Amino acid sequence: MKLSEPLENYLKEIYELEENKGRAKVVDLIAAFNVSPGTISKALQRLEHMGMIERGGGSLKLSEDGRKVAERLVRSHRLSERLLTDIIGVDWVRSHDLAHRLEHIWPEDVLDRIDQILGRPPTCPHGHPIAGRAKMSGVTLTEAKEGNYKVKAIIREEEWILRELDKMGLRPGATVNVSRRGEEIYLTQGSNSVRIRPELARQVLVDEIATQALKDDERSL
Ligand SMILES: [Zn+2]
Ligand SMILES: [Zn+2]
């Protein structure tokens, strides 16, 4: 049974919502695709009929078959992004949009070859795990207490979000110091300190760094 591209995209989004939020809700799906509730409702009915998802109380769950399709697509998307950034030299902002098209075309054996050429990368350029090789863990910058952090992933890979974060140097692997003045969050990298807007802070997943260097700093104060 061949799924249409839009239906494949819904399955992939449900998978990513589960990955990011623990579970997928219909309202989140409507927001992500910017389509009418009627259109989503029809698509979900088809997916349920095909045995790809289970529905109930506004929540969605992938069936075993649905998960298989979504996993293949997500792997294909993330490897396509890596291929674009690491081999072809496309910037990480554009790579996401281009990967949306490429993810549907690779046969499995070609994808395996791409994976091999790339050296089996653990994540996409935005920090999302490939084939379970990494975990989405950490806190968002909104939740982070004051301290030093390493950027793990950018949660939603929308162009405006990636562009803004790119300007601030907030890519996976970057380190920042988080400080707060009231409700406002400030980020310091080297001698440069900037305020980050809440709608962007919410999209950045970070891990606290507890380094010996930091402890040494405290001691010398
Ligand atoms: Zn992407
Ligand atoms: Zn990505």
# chains A, B, ... in the order shown; residues from 1 in each chain; ligands from 1
$ residues_around --residues "Arg94 of chain A" --least-positions-apart "3" --cutoff "12 Å" --atoms "only C-alpha atoms" --output "mmCIF file with C-alpha atoms, in the first residue's frame"
data_model
loop_
_atom_site.group_PDB
_atom_site.id
_atom_site.type_symbol
_atom_site.label_atom_id
_atom_site.label_comp_id
_atom_site.auth_asym_id
_atom_site.auth_seq_id
_atom_site.Cartn_x
_atom_site.Cartn_y
_atom_site.Cartn_z
ATOM 1 C CA SER A 80 19.211 13.963 3.421
ATOM 2 C CA GLU A 81 19.934 17.026 5.570
ATOM 3 C CA ARG A 82 23.334 15.630 6.546
ATOM 4 C CA LEU A 84 23.209 18.415 1.951
ATOM 5 C CA THR A 85 25.197 20.126 4.718
ATOM 6 C CA ILE A 88 27.159 19.313 -0.753
ATOM 7 C CA GLY A 89 27.798 22.342 1.443
ATOM 8 C CA VAL A 90 24.232 23.668 1.672
ATOM 9 C CA ASP A 91 23.630 25.751 4.827
ATOM 10 C CA ASP A 97 13.387 22.515 3.189
ATOM 11 C CA LEU A 98 15.298 20.612 0.528
ATOM 12 C CA ALA A 99 15.238 17.445 2.640
ATOM 13 C CA HIS A 100 11.429 17.631 2.700
ATOM 14 C CA ARG A 101 11.501 16.869 -1.001
ATOM 15 C CA PRO A 125 22.417 19.155 11.491
ATOM 16 C CA HIS A 126 19.701 20.432 13.864
ATOM 17 C CA GLU A 157 13.210 23.341 12.131
ATOM 18 C CA GLU A 158 11.236 26.240 10.663
ATOM 19 C CA GLU A 159 13.162 28.656 8.497
ATOM 20 C CA TRP A 160 12.556 31.798 10.599
ATOM 21 C CA LEU A 162 16.770 28.568 12.222
ATOM 22 C CA ARG A 163 17.692 31.938 10.652
ATOM 23 C CA ASP A 166 21.934 31.021 13.268
#
$ select_by_dssp --residues "segment 65-190 of chain A" --states "helix (DSSP H, G or I)" --output "ChimeraX atom specification"
/A:65-88,92-102,108-117,159-167
$ write_last_selection --atoms "C-alpha atoms" --output "short mmCIF file (atom, residue, chain, number, x, y, z; two decimals), in the first residue's frame"
data_model
loop_
_atom_site.label_atom_id
_atom_site.label_comp_id
_atom_site.auth_asym_id
_atom_site.auth_seq_id
_atom_site.Cartn_x
_atom_site.Cartn_y
_atom_site.Cartn_z
CA ASP A 65 2.90 -0.09 10.66
CA GLY A 66 2.56 3.68 10.95
CA ARG A 67 5.68 3.87 13.07
CA LYS A 68 7.65 1.88 10.50
CA VAL A 69 6.69 4.29 7.71
CA ALA A 70 7.40 7.34 9.90
CA GLU A 71 10.78 5.99 11.05
CA ARG A 72 11.88 5.36 7.47
CA LEU A 73 10.85 8.89 6.44
CA VAL A 74 12.41 10.58 9.44
CA ARG A 75 15.67 8.70 8.87
CA SER A 76 15.56 9.64 5.20
CA HIS A 77 14.87 13.30 6.04
CA ARG A 78 17.68 13.58 8.56
CA LEU A 79 20.21 11.76 6.38
CA SER A 80 19.21 13.96 3.42
CA GLU A 81 19.93 17.03 5.57
CA ARG A 82 23.33 15.63 6.55
CA LEU A 83 24.11 14.84 2.91
CA LEU A 84 23.21 18.41 1.95
CA THR A 85 25.20 20.13 4.72
CA ASP A 86 28.20 17.81 5.07
CA ILE A 87 28.84 16.74 1.48
CA ILE A 88 27.16 19.31 -0.75
CA TRP A 92 21.69 24.13 7.67
CA VAL A 93 18.69 26.46 7.20
CA ARG A 94 18.09 25.49 3.55
CA SER A 95 18.90 21.83 4.15
CA HIS A 96 15.62 21.28 6.02
CA ASP A 97 13.39 22.52 3.19
CA LEU A 98 15.30 20.61 0.53
CA ALA A 99 15.24 17.45 2.64
CA HIS A 100 11.43 17.63 2.70
CA ARG A 101 11.50 16.87 -1.00
CA LEU A 102 14.40 14.42 -0.98
CA GLU A 108 16.30 1.90 1.04
CA ASP A 109 19.59 0.61 -0.42
CA VAL A 110 20.60 4.10 -1.61
CA LEU A 111 19.77 5.52 1.81
CA ASP A 112 21.96 2.87 3.45
CA ARG A 113 24.78 3.91 1.13
CA ILE A 114 24.29 7.60 2.02
CA ASP A 115 24.37 6.68 5.70
CA GLN A 116 27.61 4.75 5.15
CA ILE A 117 29.27 7.58 3.19
CA GLU A 159 13.16 28.66 8.50
CA TRP A 160 12.56 31.80 10.60
CA ILE A 161 13.59 29.98 13.76
CA LEU A 162 16.77 28.57 12.22
CA ARG A 163 17.69 31.94 10.65
CA GLU A 164 17.32 33.82 13.94
CA LEU A 165 19.22 31.19 15.92
CA ASP A 166 21.93 31.02 13.27
CA LYS A 167 22.48 34.79 13.67
#
$ atom_distance --atom1 "atom CA of Arg197 of chain A" --atom2 "atom CA of Lys135 of chain A"
25.9 Å
$ closest_residue --among "A:Tyr10, A:Pro198, A:Lys61, A:Val27" --to "Ala43 of chain A" --atoms "only C-alpha atoms"
A:Tyr10
$ residues_around --residues "Gly190 of chain A" --least-positions-apart "6" --cutoff "10 Å" --atoms "only C-alpha atoms" --output "PyMOL selection string"
chain A and resi 175-177
$ residues_around --residues "Lys152 of chain A" --least-positions-apart "3" --cutoff "6 Å" --atoms "only C-alpha atoms" --output "NGL selection string"
:A and (127 or 172 or 205-206)
$ atom_distance --atom1 "atom CA of Arg195 of chain A" --atom2 "atom CA of Glu146 of chain A"
13.6 Å
$ closest_residue --among "A:Leu200, A:Val35, A:Val194, A:Ile40" --to "Arg156 of chain A" --atoms "only C-alpha atoms"
A:Leu200
$ residues_around --residues "Glu5 of chain A" --least-positions-apart "3" --cutoff "8 Å" --atoms "only C-alpha atoms" --output "ChimeraX atom specification"
/A:8-9,104
$ write_last_selection --atoms "C-alpha atoms" --output "mmCIF file, in the first residue's frame"
data_model
loop_
_atom_site.group_PDB
_atom_site.id
_atom_site.type_symbol
_atom_site.label_atom_id
_atom_site.label_comp_id
_atom_site.auth_asym_id
_atom_site.auth_seq_id
_atom_site.Cartn_x
_atom_site.Cartn_y
_atom_site.Cartn_z
ATOM 1 C CA GLU A 8 3.435 10.417 4.684
ATOM 2 C CA ASN A 9 4.087 13.934 5.987
ATOM 3 C CA HIS A 104 10.461 10.705 -0.332
#
$ select_by_dssp --residues "chain A" --states "strand (DSSP E or B)" --output "PyMOL selection string"
chain A and resi 24-25+53-56+59-62+123+129+139-140+147-154+175-181+184-189+192-196+204-208
$ residues_around --residues "Glu208 of chain A" --least-positions-apart "6" --cutoff "8 Å" --atoms "only C-alpha atoms" --output "number ranges by chain"
A: 138, 147-150
$ write_last_selection --atoms "N, CA and C atoms" --output "JSON list (two decimals), in the first residue's frame"
[["chain", "number", "residue", "atom", "x", "y", "z"],
["A", 138, "GLY", "N", 17.52, 16.85, 27.66],
["A", 138, "GLY", "CA", 17.90, 18.18, 28.09],
["A", 138, "GLY", "C", 16.68, 19.02, 28.41],
["A", 147, "GLY", "N", 23.56, 29.34, 34.29],
["A", 147, "GLY", "CA", 24.70, 28.44, 34.22],
["A", 147, "GLY", "C", 25.20, 28.26, 32.79],
["A", 148, "ASN", "N", 26.10, 27.30, 32.63],
["A", 148, "ASN", "CA", 26.67, 27.04, 31.30],
["A", 148, "ASN", "C", 26.01, 25.84, 30.65],
["A", 149, "TYR", "N", 25.72, 26.00, 29.38],
["A", 149, "TYR", "CA", 24.98, 24.96, 28.65],
["A", 149, "TYR", "C", 25.58, 24.71, 27.27],
["A", 150, "LYS", "N", 25.32, 23.49, 26.80],
["A", 150, "LYS", "CA", 25.67, 23.15, 25.42],
["A", 150, "LYS", "C", 24.37, 22.97, 24.65]]
$ residues_around --residues "segment 142-144 of chain A" --least-positions-apart "2" --cutoff "6 Å" --atoms "only C-alpha atoms" --output "PyMOL selection string"
chain A and resi 140+201-202
$ write_last_selection --atoms "C-alpha atoms" --output "JSON list (two decimals), in the first residue's frame"
[["chain", "number", "residue", "atom", "x", "y", "z"],
["A", 140, "THR", "CA", 14.70, 24.19, 26.68],
["A", 201, "ALA", "CA", 14.24, 30.20, 23.66],
["A", 202, "ARG", "CA", 11.42, 27.63, 23.64]]
$ atom_distance --atom1 "atom CA of Gly22 of chain A" --atom2 "atom CA of Leu7 of chain A"
21.1 Å
